[in-house]
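*Asks:* Input target02.txt, format and content: compact mmCIF, C-alpha atoms.
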```txt
# COMPACT_ATOMS: atom_id res chain seq x y z
CA MET A 75 -55.97 19.15 -18.56
CA SER A 76 -54.74 19.65 -22.16
CA GLY A 77 -55.18 18.08 -25.60
CA SER A 78 -53.27 15.00 -26.65
CA GLU A 79 -51.16 17.03 -29.12
CA ILE A 80 -49.84 19.22 -26.31
CA GLU A 81 -49.22 16.19 -24.12
CA GLN A 82 -47.34 14.52 -26.94
CA LEU A 83 -45.27 17.68 -27.46
CA VAL A 84 -44.45 17.78 -23.76
CA GLN A 85 -43.54 14.09 -23.70
CA LEU A 86 -41.21 14.44 -26.70
CA LEU A 87 -39.56 17.59 -25.34
CA ALA A 88 -38.99 15.78 -22.05
CA LYS A 89 -36.80 13.29 -23.91
CA LEU A 90 -34.32 16.01 -24.89
CA PRO A 91 -31.07 16.22 -22.91
CA GLY A 92 -31.34 18.59 -19.98
CA LEU A 93 -35.14 18.63 -19.93
CA GLY A 94 -37.40 16.81 -17.50
CA PRO A 95 -41.23 16.76 -17.52
CA ARG A 96 -41.53 20.06 -15.70
CA SER A 97 -39.07 22.00 -17.88
CA ALA A 98 -40.57 20.33 -20.98
CA ARG A 99 -43.95 21.72 -20.00
CA ARG A 100 -42.44 25.18 -19.65
CA ALA A 101 -40.73 24.86 -23.02
CA ALA A 102 -43.97 23.70 -24.69
CA LEU A 103 -45.88 26.62 -23.23
CA HIS A 104 -43.13 28.99 -24.34
CA LEU A 105 -43.29 27.61 -27.89
CA LEU A 106 -47.09 27.79 -28.04
CA LYS A 107 -47.09 31.39 -26.87
CA ARG A 108 -44.61 32.32 -29.63
CA ARG A 109 -46.25 30.40 -32.43
CA GLU A 110 -45.15 32.59 -35.34
CA ASN A 111 -41.63 33.54 -34.41
CA LEU A 112 -40.57 30.34 -32.64
CA LEU A 113 -42.89 27.32 -32.86
CA GLU A 114 -43.45 27.33 -36.62
CA PRO A 115 -39.83 28.15 -37.61
CA LEU A 116 -38.66 25.45 -35.19
CA ALA A 117 -41.09 22.91 -36.66
CA ARG A 118 -39.87 23.77 -40.18
CA ALA A 119 -36.21 23.55 -39.11
CA ILE A 120 -36.76 20.17 -37.48
CA ALA A 121 -38.63 18.85 -40.54
CA ALA A 122 -35.88 20.12 -42.86
CA ALA A 123 -33.14 18.59 -40.68
CA ALA A 124 -34.99 15.26 -40.56
CA GLU A 125 -35.33 15.29 -44.33
CA LYS A 126 -31.91 16.56 -45.39
CA VAL A 127 -29.26 15.86 -42.75
CA ARG A 128 -27.35 12.65 -43.40
CA ALA A 129 -24.06 11.11 -42.25
CA CYS A 130 -21.24 11.90 -44.70
CA SER A 131 -20.27 8.75 -46.59
CA VAL A 132 -16.58 9.76 -46.42
CA CYS A 133 -16.00 10.91 -42.83
CA GLY A 134 -19.23 10.24 -40.91
CA ASN A 135 -19.89 13.92 -40.13
CA LEU A 136 -23.51 15.12 -40.16
CA ASP A 137 -24.40 17.49 -42.99
CA THR A 138 -27.03 18.20 -45.61
CA ARG A 139 -24.51 17.39 -48.33
CA ASP A 140 -22.74 14.15 -49.05
CA PRO A 141 -19.70 14.39 -49.03
CA CYS A 142 -19.95 17.00 -46.30
CA LEU A 143 -18.68 20.59 -46.54
CA VAL A 144 -15.55 19.70 -44.54
CA CYS A 145 -14.64 16.91 -46.95
CA ILE A 146 -15.09 19.01 -50.11
CA ASP A 147 -13.55 22.25 -48.83
CA PRO A 148 -10.46 22.77 -51.05
CA ARG A 149 -8.87 25.15 -48.50
CA ARG A 150 -8.52 22.32 -45.96
CA ASP A 151 -5.42 20.19 -45.66
CA ALA A 152 -6.39 16.95 -47.36
CA GLU A 153 -3.25 15.18 -46.12
CA THR A 154 -4.20 15.27 -42.44
CA ILE A 155 -7.07 13.36 -40.89
CA CYS A 156 -8.22 13.89 -37.32
CA VAL A 157 -9.96 10.78 -35.95
CA VAL A 158 -12.69 11.53 -33.40
CA GLU A 159 -15.17 9.43 -31.43
CA SER A 160 -18.31 11.36 -32.33
CA VAL A 161 -19.69 14.32 -34.24
CA ALA A 162 -19.82 16.22 -30.93
CA ASP A 163 -16.02 15.92 -30.71
CA LEU A 164 -15.69 17.08 -34.33
CA TRP A 165 -17.75 20.15 -33.52
CA ALA A 166 -15.62 20.77 -30.40
CA ILE A 167 -12.42 20.79 -32.48
CA GLU A 168 -14.05 22.93 -35.17
CA ARG A 169 -14.99 25.50 -32.51
CA THR A 170 -11.31 25.99 -31.77
CA ALA A 171 -10.63 26.95 -35.44
CA SER A 172 -7.12 25.60 -34.89
CA PHE A 173 -7.35 22.53 -37.10
CA ARG A 174 -7.69 22.89 -40.86
CA GLY A 175 -7.46 19.28 -41.90
CA ARG A 176 -10.21 16.72 -42.41
CA TYR A 177 -11.94 14.36 -40.03
CA HIS A 178 -13.00 10.80 -39.56
CA VAL A 179 -15.80 9.98 -37.11
CA LEU A 180 -15.54 6.49 -35.59
CA GLY A 181 -19.04 6.52 -34.13
CA GLY A 182 -18.00 5.48 -30.61
CA VAL A 183 -15.20 3.76 -28.72
CA LEU A 184 -14.42 0.13 -27.98
CA SER A 185 -16.31 -0.74 -24.85
CA ALA A 186 -16.41 -4.13 -23.21
CA LEU A 187 -19.17 -2.86 -20.94
CA ASP A 188 -21.49 -1.86 -23.76
CA GLY A 189 -20.42 -4.72 -26.02
CA ILE A 190 -18.99 -2.36 -28.66
CA GLY A 191 -16.35 -4.23 -30.65
CA PRO A 192 -14.16 -3.23 -33.60
CA ASP A 193 -16.89 -4.17 -36.09
CA ASP A 194 -19.22 -1.59 -34.59
CA LEU A 195 -16.82 1.28 -35.31
CA ASN A 196 -16.10 2.96 -38.63
CA VAL A 197 -12.43 1.87 -38.67
CA GLY A 198 -12.71 0.08 -42.01
CA GLY A 199 -13.67 3.37 -43.67
CA LEU A 200 -10.56 5.02 -42.22
CA VAL A 201 -8.28 2.23 -43.44
CA LYS A 202 -9.88 2.50 -46.89
CA ARG A 203 -9.39 6.29 -47.01
CA ILE A 204 -5.73 5.92 -46.13
CA GLY A 205 -5.31 3.06 -48.59
CA GLU A 206 -6.49 5.36 -51.38
CA GLY A 207 -3.37 7.46 -50.77
CA GLY A 208 -2.66 11.15 -50.25
CA ILE A 209 -2.78 11.02 -46.42
CA ARG A 210 0.37 12.05 -44.55
CA GLU A 211 -0.73 12.23 -40.91
CA VAL A 212 -3.50 10.75 -38.77
CA ILE A 213 -4.25 12.53 -35.48
CA LEU A 214 -6.01 10.37 -32.90
CA ALA A 215 -8.25 12.70 -30.89
CA MET A 216 -9.92 10.27 -28.48
CA GLY A 217 -10.73 11.05 -24.88
CA ALA A 218 -8.14 10.41 -22.17
CA THR A 219 -10.19 7.52 -20.83
CA VAL A 220 -9.46 3.79 -20.66
CA ASP A 221 -11.96 3.07 -23.46
CA GLY A 222 -10.81 6.06 -25.53
CA GLN A 223 -7.15 5.10 -25.38
CA THR A 224 -7.90 1.40 -25.97
CA THR A 225 -9.62 2.52 -29.18
CA ALA A 226 -6.64 4.72 -30.09
CA HIS A 227 -4.26 1.76 -29.66
CA TYR A 228 -6.56 -0.42 -31.77
CA VAL A 229 -6.69 2.16 -34.58
CA THR A 230 -2.89 2.50 -34.39
CA ASP A 231 -2.55 -1.27 -34.83
CA ARG A 232 -4.87 -1.23 -37.81
CA LEU A 233 -2.85 1.54 -39.45
CA GLN A 234 0.54 -0.10 -38.96
CA GLY A 235 2.36 -0.33 -42.26
CA ALA A 236 0.05 2.17 -43.94
CA GLY A 237 2.90 4.67 -44.29
CA VAL A 238 1.29 7.51 -42.34
CA VAL A 239 2.48 9.46 -39.31
CA ILE A 240 0.23 8.68 -36.34
CA SER A 241 0.00 11.23 -33.55
CA ARG A 242 -2.37 11.75 -30.64
CA LEU A 243 -3.58 14.67 -28.58
CA ALA A 244 -1.41 15.60 -25.60
CA HIS A 245 -2.64 14.76 -22.10
CA GLY A 246 -1.73 17.15 -19.33
CA VAL A 247 -2.15 20.49 -17.62
CA PRO A 248 -5.08 22.47 -19.06
CA VAL A 249 -4.56 26.09 -20.04
CA GLY A 250 -5.25 28.19 -16.95
CA GLY A 251 -4.90 25.16 -14.68
CA GLU A 252 -2.99 25.37 -11.44
CA LEU A 253 -1.08 22.27 -10.37
CA ASP A 254 -2.50 22.35 -6.86
CA TYR A 255 -6.02 21.78 -8.22
CA LEU A 256 -5.18 19.02 -10.69
CA ASP A 257 -5.96 15.38 -9.97
CA ASP A 258 -2.95 13.10 -9.66
CA GLY A 259 -3.82 11.22 -12.88
CA THR A 260 -3.62 14.36 -14.99
CA LEU A 261 -0.39 15.38 -13.27
CA THR A 262 1.09 11.91 -13.86
CA ALA A 263 0.16 12.11 -17.55
CA ALA A 264 1.58 15.64 -17.80
CA LEU A 265 4.88 14.56 -16.25
CA LYS A 266 5.12 11.57 -18.57
CA ALA A 267 4.42 13.72 -21.63
CA ARG A 268 6.83 16.54 -20.67
CA ARG A 269 8.92 18.00 -23.46
CA PRO A 270 12.06 20.14 -23.81
CA PHE A 271 11.40 23.81 -23.09
CA MET B 240 -27.61 1.82 6.39
CA GLU B 241 -24.21 3.42 5.92
CA TRP B 242 -20.64 2.23 5.68
CA SER B 243 -17.31 3.43 4.34
CA ASP B 244 -14.70 1.25 2.68
CA ASP B 245 -11.74 1.26 0.32
CA GLY B 246 -12.33 -0.11 -3.15
CA ILE B 247 -11.31 -0.49 -6.76
CA VAL B 248 -13.62 0.79 -9.50
CA LEU B 249 -14.67 -2.05 -11.80
CA LEU B 250 -17.10 -0.24 -14.07
CA ALA B 251 -19.22 2.89 -14.29
CA ARG B 252 -22.39 2.85 -16.34
CA LYS B 253 -24.03 6.16 -17.24
CA HIS B 254 -27.41 6.56 -15.59
CA GLY B 255 -29.73 9.35 -16.65
CA GLU B 256 -28.04 12.54 -17.74
CA SER B 257 -25.47 13.11 -15.07
CA SER B 258 -25.34 10.13 -12.72
CA ALA B 259 -23.59 6.78 -12.97
CA ILE B 260 -24.15 3.33 -11.52
CA VAL B 261 -20.74 2.27 -10.33
CA SER B 262 -19.52 -1.18 -9.39
CA VAL B 263 -16.65 -1.25 -6.91
CA LEU B 264 -14.69 -4.18 -5.48
CA THR B 265 -14.35 -3.25 -1.83
CA ALA B 266 -12.11 -4.64 0.89
CA GLU B 267 -14.84 -5.53 3.40
CA HIS B 268 -18.10 -5.55 1.43
CA GLY B 269 -17.12 -7.42 -1.75
CA ARG B 270 -18.29 -6.30 -5.15
CA HIS B 271 -20.84 -3.62 -4.45
CA ALA B 272 -22.79 -1.30 -6.74
CA GLY B 273 -24.18 2.12 -6.00
CA LEU B 274 -25.43 5.28 -7.63
CA VAL B 275 -23.00 8.19 -7.86
CA ARG B 276 -24.83 11.45 -8.44
CA GLY B 277 -22.88 13.54 -10.91
CA GLY B 278 -20.86 10.44 -11.81
CA SER B 279 -21.07 11.20 -15.55
CA GLY B 280 -19.97 14.79 -15.04
CA SER B 281 -16.55 16.13 -15.86
CA ARG B 282 -15.50 16.28 -12.18
CA MET B 283 -16.20 12.64 -11.37
CA ARG B 284 -15.64 10.87 -14.69
CA GLY B 285 -11.89 10.68 -14.22
CA VAL B 286 -12.31 9.23 -10.72
CA LEU B 287 -14.63 6.47 -11.96
CA GLU B 288 -12.32 5.00 -14.59
CA PRO B 289 -11.78 1.24 -14.17
CA GLY B 290 -8.89 0.27 -11.91
CA ASN B 291 -8.82 3.49 -9.91
CA ARG B 292 -8.61 3.12 -6.14
CA VAL B 293 -11.30 4.99 -4.27
CA ARG B 294 -12.59 5.59 -0.74
CA ILE B 295 -16.39 5.34 -0.76
CA THR B 296 -19.30 5.83 1.58
CA TRP B 297 -22.42 3.83 0.72
CA ARG B 298 -25.81 4.83 2.05
CA ALA B 299 -29.33 3.43 1.60
CA ARG B 300 -32.51 3.27 3.65
CA LEU B 301 -32.71 -0.53 3.36
CA GLU B 302 -29.86 -2.96 2.83
CA GLU B 303 -31.44 -4.55 -0.27
CA GLN B 304 -31.62 -1.22 -2.10
CA LEU B 305 -29.07 -0.18 -4.71
CA GLY B 306 -28.12 2.79 -2.55
CA SER B 307 -25.77 5.66 -3.31
CA PHE B 308 -22.09 6.21 -2.96
CA THR B 309 -22.50 9.54 -1.22
CA GLN B 310 -18.75 10.03 -1.09
CA CYS B 311 -16.35 8.72 -3.68
CA GLY B 312 -12.86 10.14 -3.39
CA MET B 313 -9.84 9.06 -5.38
CA VAL B 314 -7.09 7.29 -3.44
CA ALA B 315 -4.88 6.47 -6.44
CA ASN B 316 -5.38 7.06 -10.15
CA VAL B 317 -4.14 3.77 -11.56
CA SER B 318 -5.65 4.02 -15.05
CA ALA B 319 -3.97 7.32 -15.97
CA GLY B 320 -0.50 5.80 -15.71
CA LEU B 321 -1.35 3.00 -18.14
CA LEU B 322 -3.08 4.91 -20.95
CA ASP B 323 0.03 4.90 -23.15
CA ASP B 324 0.73 1.17 -22.83
CA PRO B 325 -1.70 -0.93 -24.91
CA LEU B 326 -0.82 -4.27 -23.33
CA ARG B 327 -1.05 -3.15 -19.72
CA LEU B 328 -4.19 -1.15 -20.49
CA ALA B 329 -5.72 -4.34 -21.92
CA ALA B 330 -4.65 -6.18 -18.75
CA LEU B 331 -6.29 -3.54 -16.56
CA GLN B 332 -9.54 -3.81 -18.51
CA ALA B 333 -9.45 -7.61 -18.42
CA LEU B 334 -8.78 -7.57 -14.68
CA CYS B 335 -11.76 -5.34 -13.94
CA ALA B 336 -14.05 -7.13 -16.40
CA VAL B 337 -13.22 -10.59 -15.01
CA ALA B 338 -13.76 -9.42 -11.41
CA GLU B 339 -17.06 -7.83 -12.40
CA ALA B 340 -18.27 -10.95 -14.22
CA ALA B 341 -17.02 -13.62 -11.82
CA LEU B 342 -17.54 -12.25 -8.31
CA PRO B 343 -20.97 -12.45 -6.71
CA GLU B 344 -22.35 -9.15 -5.47
CA ARG B 345 -22.06 -8.16 -1.81
CA GLU B 346 -19.96 -11.17 -0.79
CA ARG B 347 -16.63 -10.46 0.83
CA HIS B 348 -13.63 -11.78 -1.09
CA GLY B 349 -10.70 -10.30 0.80
CA ALA B 350 -8.04 -12.42 -0.91
CA VAL B 351 -9.25 -11.42 -4.38
CA TYR B 352 -9.29 -7.76 -3.36
CA ALA B 353 -5.81 -7.96 -1.84
CA GLY B 354 -4.49 -9.79 -4.93
CA MET B 355 -6.01 -7.20 -7.22
CA LEU B 356 -4.50 -4.41 -5.15
CA ASP B 357 -1.04 -6.03 -5.41
CA LEU B 358 -1.46 -6.56 -9.13
CA LEU B 359 -2.50 -2.94 -9.73
CA GLY B 360 0.70 -1.96 -7.95
CA THR B 361 2.83 -4.14 -10.21
CA LEU B 362 1.08 -3.47 -13.52
CA ASP B 363 3.85 -1.10 -14.51
CA SER B 364 6.58 -3.69 -13.80
CA VAL B 365 7.73 -6.64 -15.92
CA ALA B 366 6.19 -9.17 -13.51
CA TRP B 367 2.58 -8.22 -14.20
CA ALA B 368 1.74 -10.96 -16.73
CA GLY B 369 2.55 -13.90 -14.44
CA GLY B 370 0.88 -12.02 -11.59
CA TYR B 371 -2.29 -11.66 -13.64
CA VAL B 372 -2.55 -15.44 -14.22
CA ARG B 373 -1.87 -16.12 -10.53
CA TRP B 374 -4.61 -13.64 -9.63
CA GLU B 375 -7.11 -15.56 -11.78
CA LEU B 376 -5.99 -18.79 -10.07
CA ALA B 377 -6.54 -17.15 -6.68
CA LEU B 378 -9.95 -15.93 -7.87
CA LEU B 379 -10.92 -19.49 -8.83
CA ALA B 380 -9.72 -20.77 -5.45
CA ASP B 381 -11.66 -18.10 -3.57
CA LEU B 382 -14.82 -18.99 -5.50
CA GLY B 383 -14.42 -22.65 -4.58
CA PHE B 384 -12.94 -23.93 -7.83
CA GLY B 385 -9.28 -23.97 -6.85
CA LEU B 386 -6.88 -26.08 -8.91
CA ASP B 387 -4.70 -28.63 -7.14
CA LEU B 388 -1.27 -28.25 -8.70
CA SER B 389 0.70 -29.93 -5.89
CA ALA B 390 0.92 -33.51 -7.21
CA CYS B 391 -0.07 -35.71 -10.13
CA ALA B 392 -3.69 -36.86 -9.92
CA ALA B 393 -2.76 -40.26 -11.38
CA THR B 394 0.57 -41.15 -9.74
CA GLY B 395 0.74 -38.87 -6.70
CA SER B 396 4.26 -37.73 -7.60
CA ASN B 397 5.15 -34.09 -8.05
CA ASP B 398 7.77 -34.64 -10.76
CA ASN B 399 7.40 -33.13 -14.21
CA LEU B 400 3.86 -31.83 -13.79
CA THR B 401 2.86 -30.73 -17.30
CA TYR B 402 -0.91 -30.94 -17.62
CA VAL B 403 -4.10 -30.15 -15.72
CA SER B 404 -7.18 -32.34 -15.96
CA PRO B 405 -10.19 -30.30 -17.10
CA LYS B 406 -12.46 -32.66 -15.14
CA SER B 407 -10.80 -32.68 -11.73
CA GLY B 408 -8.73 -29.49 -11.88
CA ARG B 409 -5.69 -31.47 -10.65
CA ALA B 410 -2.20 -31.53 -12.10
CA VAL B 411 -1.06 -34.50 -14.21
CA SER B 412 2.54 -35.55 -14.83
CA ALA B 413 3.98 -35.74 -18.35
CA SER B 414 4.18 -39.56 -18.37
CA ALA B 415 0.70 -40.16 -16.92
CA GLY B 416 -0.90 -37.53 -19.15
CA GLU B 417 0.79 -38.44 -22.42
CA PRO B 418 -1.96 -40.81 -23.69
CA TYR B 419 -4.60 -38.13 -23.01
CA ARG B 420 -2.61 -35.05 -24.00
CA ASP B 421 -5.25 -33.87 -26.49
CA ARG B 422 -7.85 -33.68 -23.75
CA LEU B 423 -5.66 -32.13 -21.04
CA LEU B 424 -4.83 -28.47 -20.45
CA ALA B 425 -1.21 -27.35 -20.50
CA LEU B 426 0.30 -26.38 -17.13
CA PRO B 427 2.96 -23.67 -17.56
CA GLY B 428 5.95 -24.10 -15.28
CA PHE B 429 5.75 -20.68 -13.65
CA LEU B 430 2.51 -21.67 -11.89
CA ILE B 431 4.34 -24.39 -9.95
CA GLY B 432 7.40 -22.28 -9.24
CA GLU B 433 9.66 -23.66 -11.95
CA GLN B 434 10.51 -20.31 -13.50
CA ARG B 435 10.33 -16.73 -12.32
CA ASP B 436 9.68 -14.75 -15.49
CA PRO B 437 7.25 -16.51 -17.79
CA GLY B 438 7.42 -15.93 -21.53
CA VAL B 439 4.47 -14.88 -23.66
CA GLY B 440 3.65 -18.51 -24.51
CA ASP B 441 3.60 -19.49 -20.82
CA VAL B 442 1.31 -16.60 -19.95
CA ALA B 443 -1.03 -17.48 -22.84
CA ALA B 444 -1.08 -21.13 -21.64
CA GLY B 445 -1.82 -19.93 -18.10
CA LEU B 446 -4.68 -17.76 -19.34
CA ALA B 447 -6.06 -20.67 -21.37
CA LEU B 448 -5.96 -22.80 -18.21
CA THR B 449 -7.69 -20.29 -15.92
CA GLY B 450 -10.01 -19.24 -18.75
CA TYR B 451 -11.28 -22.81 -19.13
CA PHE B 452 -12.27 -23.12 -15.47
CA LEU B 453 -13.61 -19.56 -15.23
CA ASP B 454 -15.75 -20.17 -18.29
CA HIS B 455 -17.03 -23.66 -17.46
CA HIS B 456 -17.43 -23.46 -13.70
CA VAL B 457 -17.92 -19.80 -12.78
CA LEU B 458 -19.50 -17.97 -15.72
CA ALA B 459 -21.39 -20.52 -17.84
CA PRO B 460 -23.66 -21.69 -14.96
CA HIS B 461 -24.88 -18.08 -14.75
CA GLY B 462 -25.35 -17.76 -18.51
CA LYS B 463 -22.28 -15.53 -18.86
CA ALA B 464 -19.26 -15.78 -21.15
CA LEU B 465 -15.66 -14.69 -20.64
CA PRO B 466 -15.51 -10.88 -20.99
CA LEU B 467 -14.56 -9.34 -24.35
CA ALA B 468 -11.79 -7.39 -22.61
CA ARG B 469 -10.07 -10.65 -21.61
CA GLY B 470 -10.18 -11.81 -25.23
CA ARG B 471 -8.54 -8.55 -26.30
CA LEU B 472 -5.75 -9.12 -23.76
CA LEU B 473 -5.12 -12.57 -25.28
CA ASP B 474 -5.08 -11.04 -28.78
CA ARG B 475 -2.50 -8.47 -27.68
CA LEU B 476 -0.32 -11.08 -25.99
CA GLY B 477 -0.35 -13.13 -29.18
CA ARG B 478 1.19 -10.31 -31.24
```
Do you think you could lay out the structure here as structure tokens?
*Replies:*
Amino acid sequence: MSGSEIEQLVQLLAKLPGLGPRSARRAALHLLKRRENLLEPLARAIAAAAEKVRACSVCGNLDTRDPCLVCIDPRRDAETICVVESVADLWAIERTASFRGRYHVLGGVLSALDGIGPDDLNVGGLVKRIGEGGIREVILAMGATVDGQTTAHYVTDRLQGAGVVISRLAHGVPVGGELDYLDDGTLTAALKARRPF
Amino acid sequence: MEWSDDGIVLLARKHGESSAIVSVLTAEHGRHAGLVRGGSGSRMRGVLEPGNRVRITWRARLEEQLGSFTQCGMVANVSAGLLDDPLRLAALQALCAVAEAALPERERHGAVYAGMLDLLGTLDSVAWAGGYVRWELALLADLGFGLDLSACAATGSNDNLTYVSPKSGRAVSASAGEPYRDRLLALPGFLIGEQRDPGVGDVAAGLALTGYFLDHHVLAPHGKALPLARGRLLDRLGR
């Protein structure tokens, strides 16, 4: 039906999140129809990303520079580190533009199911950063899941005696959320984490 | 094929982009797995956390198929209440991981389910640690490897029972076991009703006892090892 190059393109596109074989075929056709203004720039962008993007040796963020732009930005608060599970979580917090400190990407969470133990996470790098001094607060921004909070407790244990304030994200009622629609777990967490008003 | 049952979520493994393969310990159908469509999505992820109590409907064309949990509604969110407590969270994970590893699939184990339900209800009380060890003992008994802690295997008396024989799984008194103490497992008093609130050392000894039999008789024959989550619970208890 079509050449092996097109088939290969379709097969690779089908591996992307959100795309199956049918939508990959549509995407491939779309790219091939817009060769100059989409296919070739995309090919160049992918090649450049493959060549230049690396994990930051300080925080684990993905960037073309090492240390990454977040780590070398002098306008950021160097005394506060926000610990996240993945780069996707880092990007999510950056989108809010409400945090101006620095990050540390663990690269996952402790998971008995997937066999991910403490040695598989970048906790040693965090301990080393804090040991070098100059850090006042560590914010644990893991998901409100059993694995996420197990990881948060583990990191807290590792940082005991390091002389830093350890805080974690609040769990509770989302902005715009009505109590009637919340699950009982979220409501329980919100009640437990209530504060003077 | 279709049935509905109450259950406790043991694990949820992401499948594809949005679904999850979920293992549930049910009241009437034992440990049973099924596909939950949308199980990795934001709406269902919180429901499928380990330890949560759910009401499920399983459906498949043939009984031997994996099948789907077409309905999976939360009955009680147990995990959310324990997120702030590292020790109890470790106990919850160990509980689910041990049940997942030790119980055969699709075989009814009503006593284990009932014990787990009781334990989930008491995880936020001070009595949970002793209850956890007793649950593992009940699990061993239900799987056919029950320990006989009623009388000494050597003398027949029930005075001063201090050890358990790793070979027979029977209690041994202090005097009869003394010459072999290096080869015997310690029997903490709370397992034979000598004390109500066991200390950390007693609980650790109880876990070492049940862990030995779980490992050697239940898991090792199937090429499995004790779950990592159980090891983390022991680490936390030791602190």
*Asks:* List as a VMD selection string: which residues have an atom within 12 Å of (-6.5, 10.7, -42.9), counting all atoms listed in the file?
*Replies:* chain A and resid 132 to 133 145 151 to 158 175 to 179 197 199 to 214 229 233 236 to 241
*Asks:* Counting all atoms listed in the file, which residues of chain B sit at most 7 Å from some atom of chain A, and what is each one's closest atom pair with its distance in Å to one decimal, listed by chain and rising residue number, as JSON lines?
*Replies:*
```
{"residue": "B:Glu288", "atom": "CA", "partner": "A:Val220", "partner_atom": "CA", "distance": 6.8}
{"residue": "B:Asn316", "atom": "CA", "partner": "A:Gly259", "partner_atom": "CA", "distance": 5.2}
{"residue": "B:Ser318", "atom": "CA", "partner": "A:Val220", "partner_atom": "CA", "distance": 6.8}
{"residue": "B:Ala319", "atom": "CA", "partner": "A:Gly259", "partner_atom": "CA", "distance": 5.0}
{"residue": "B:Gly320", "atom": "CA", "partner": "A:Thr262", "partner_atom": "CA", "distance": 6.6}
{"residue": "B:Leu322", "atom": "CA", "partner": "A:Gln223", "partner_atom": "CA", "distance": 6.0}
{"residue": "B:Pro325", "atom": "CA", "partner": "A:His227", "partner_atom": "CA", "distance": 6.0}
{"residue": "B:Leu467", "atom": "CA", "partner": "A:Ala186", "partner_atom": "CA", "distance": 5.6}
{"residue": "B:Ala468", "atom": "CA", "partner": "A:Ala186", "partner_atom": "CA", "distance": 5.7}
```
*Asks:* With only C-alpha atoms as the basis for distance, which of A:Arg232, A:Arg96, A:Pro248, A:Ala215 is at the shortest distance from A:Ala166?
*Replies:*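 Ranked by minimum distance to A:Ala166, first place goes to A:Ala215.
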*Asks:* Given the choices B:Trp242, B:Tyr352, B:Phe384, B:Phe308, which gets closest to B:Gly408 if the distance is worked out from all atoms listed in the file?
*Replies:*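 Nearest candidate to B:Gly408 out of B:Trp242, B:Tyr352, B:Phe384, B:Phe308: B:Phe384.
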*Asks:* Determine the nearest neighbour of B:Ala444 from the options B:Gly432, B:Gly385, B:Gly369, B:Gly306, counting all atoms listed in the file.
*Replies:* B:Gly369
*Asks:* Residues within 8 Å of B:Asp381, please, as a PyMOL selection string. Count all atoms listed in the file; anything in the same chain fewer than 2 positions from it doesn't count.
*Replies:* chain B and resi 348+350-351+377-379+383-385
*Asks:* Have a look at B:Leu321, B:Ala415, B:Ala366, B:Leu358 and name the one nearest to B:Asn397; count all atoms listed in the file.
*Replies:*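 With all atoms listed in the file as the atom set, the closest residue is B:Ala415.
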*Asks:* Mind pulling up the distance from atom CA of B:Leu359 to atom CA of B:Gly278?
*Replies:* 22.8 Å
*Asks:* For stretch 76-82 of chain A, work out the shell of residues within 10 Å, counting all atoms listed in the file and skipping chain neighbours fewer than 2 positions away, then give it as a list in words.
*Replies:*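 Here the qualifying residues turn out to be Val84, Gln85, Leu86, Leu87, Ala88, Arg99, Ala102, Leu103 and Leu106 of chain A.
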*Asks:* Generate a file of the selected residues that holds C-alpha atoms, formatted as a PDB file, in the coordinates of the input.
*Replies:*
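In the end it all went to result-v9.pdb:
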```
ATOM      1  CA  VAL A  84     -44.450  17.780 -23.760  1.00  0.00           C
ATOM      2  CA  GLN A  85     -43.540  14.090 -23.700  1.00  0.00           C
ATOM      3  CA  LEU A  86     -41.210  14.440 -26.700  1.00  0.00           C
ATOM      4  CA  LEU A  87     -39.560  17.590 -25.340  1.00  0.00           C
ATOM      5  CA  ALA A  88     -38.990  15.780 -22.050  1.00  0.00           C
ATOM      6  CA  ARG A  99     -43.950  21.720 -20.000  1.00  0.00           C
ATOM      7  CA  ALA A 102     -43.970  23.700 -24.690  1.00  0.00           C
ATOM      8  CA  LEU A 103     -45.880  26.620 -23.230  1.00  0.00           C
ATOM      9  CA  LEU A 106     -47.090  27.790 -28.040  1.00  0.00           C
TER      10      LEU A 106
END
```
*Asks:* Can you list, as a list in words, every protein, DNA or RNA residue that comes within 12 Å of stretch 116-124 of chain A when you count all atoms listed in the file, leaving out same-chain residues fewer than 2 positions away?
*Replies:*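 With the cut-off at 12 Å, the set is Leu83, Ala102, Leu105, Leu106, Arg108, Arg109, Glu110, Asn111, Leu112, Leu113, Glu114, Lys126, Val127, Arg128, Ala129, Leu136, Asp137, Thr138 and Arg139 of chain A.
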*Asks:* Enclose the full set of atoms of stretch 210-217 of chain A listed in the file within a box whose edges lie along x, y and z, apply 5 Å of padding to each of the six sides, and report centre and edge lengths in Å to one decimal as AutoDock Vina command-line options.
*Replies:*
```
--center_x -5.2 --center_y 11.5 --center_z -34.7 --size_x 21.1 --size_y 12.4 --size_z 29.7
```
*Asks:* Let me make sure I understand: among B:Arg327, B:Arg422, B:Arg252, B:His271, which one has the smallest atom-to-atom distance to B:Gly360 if we use all atoms listed in the file?
*Replies:*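 The closest residue to B:Gly360 is B:Arg327.
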*Asks:* To one decimal in Å, tell me the separation between atom CA of B:Ala410 and atom CA of B:Cys391.
*Replies:*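 Result for atom CA of B:Ala410 versus atom CA of B:Cys391: 5.1 Å, one decimal.
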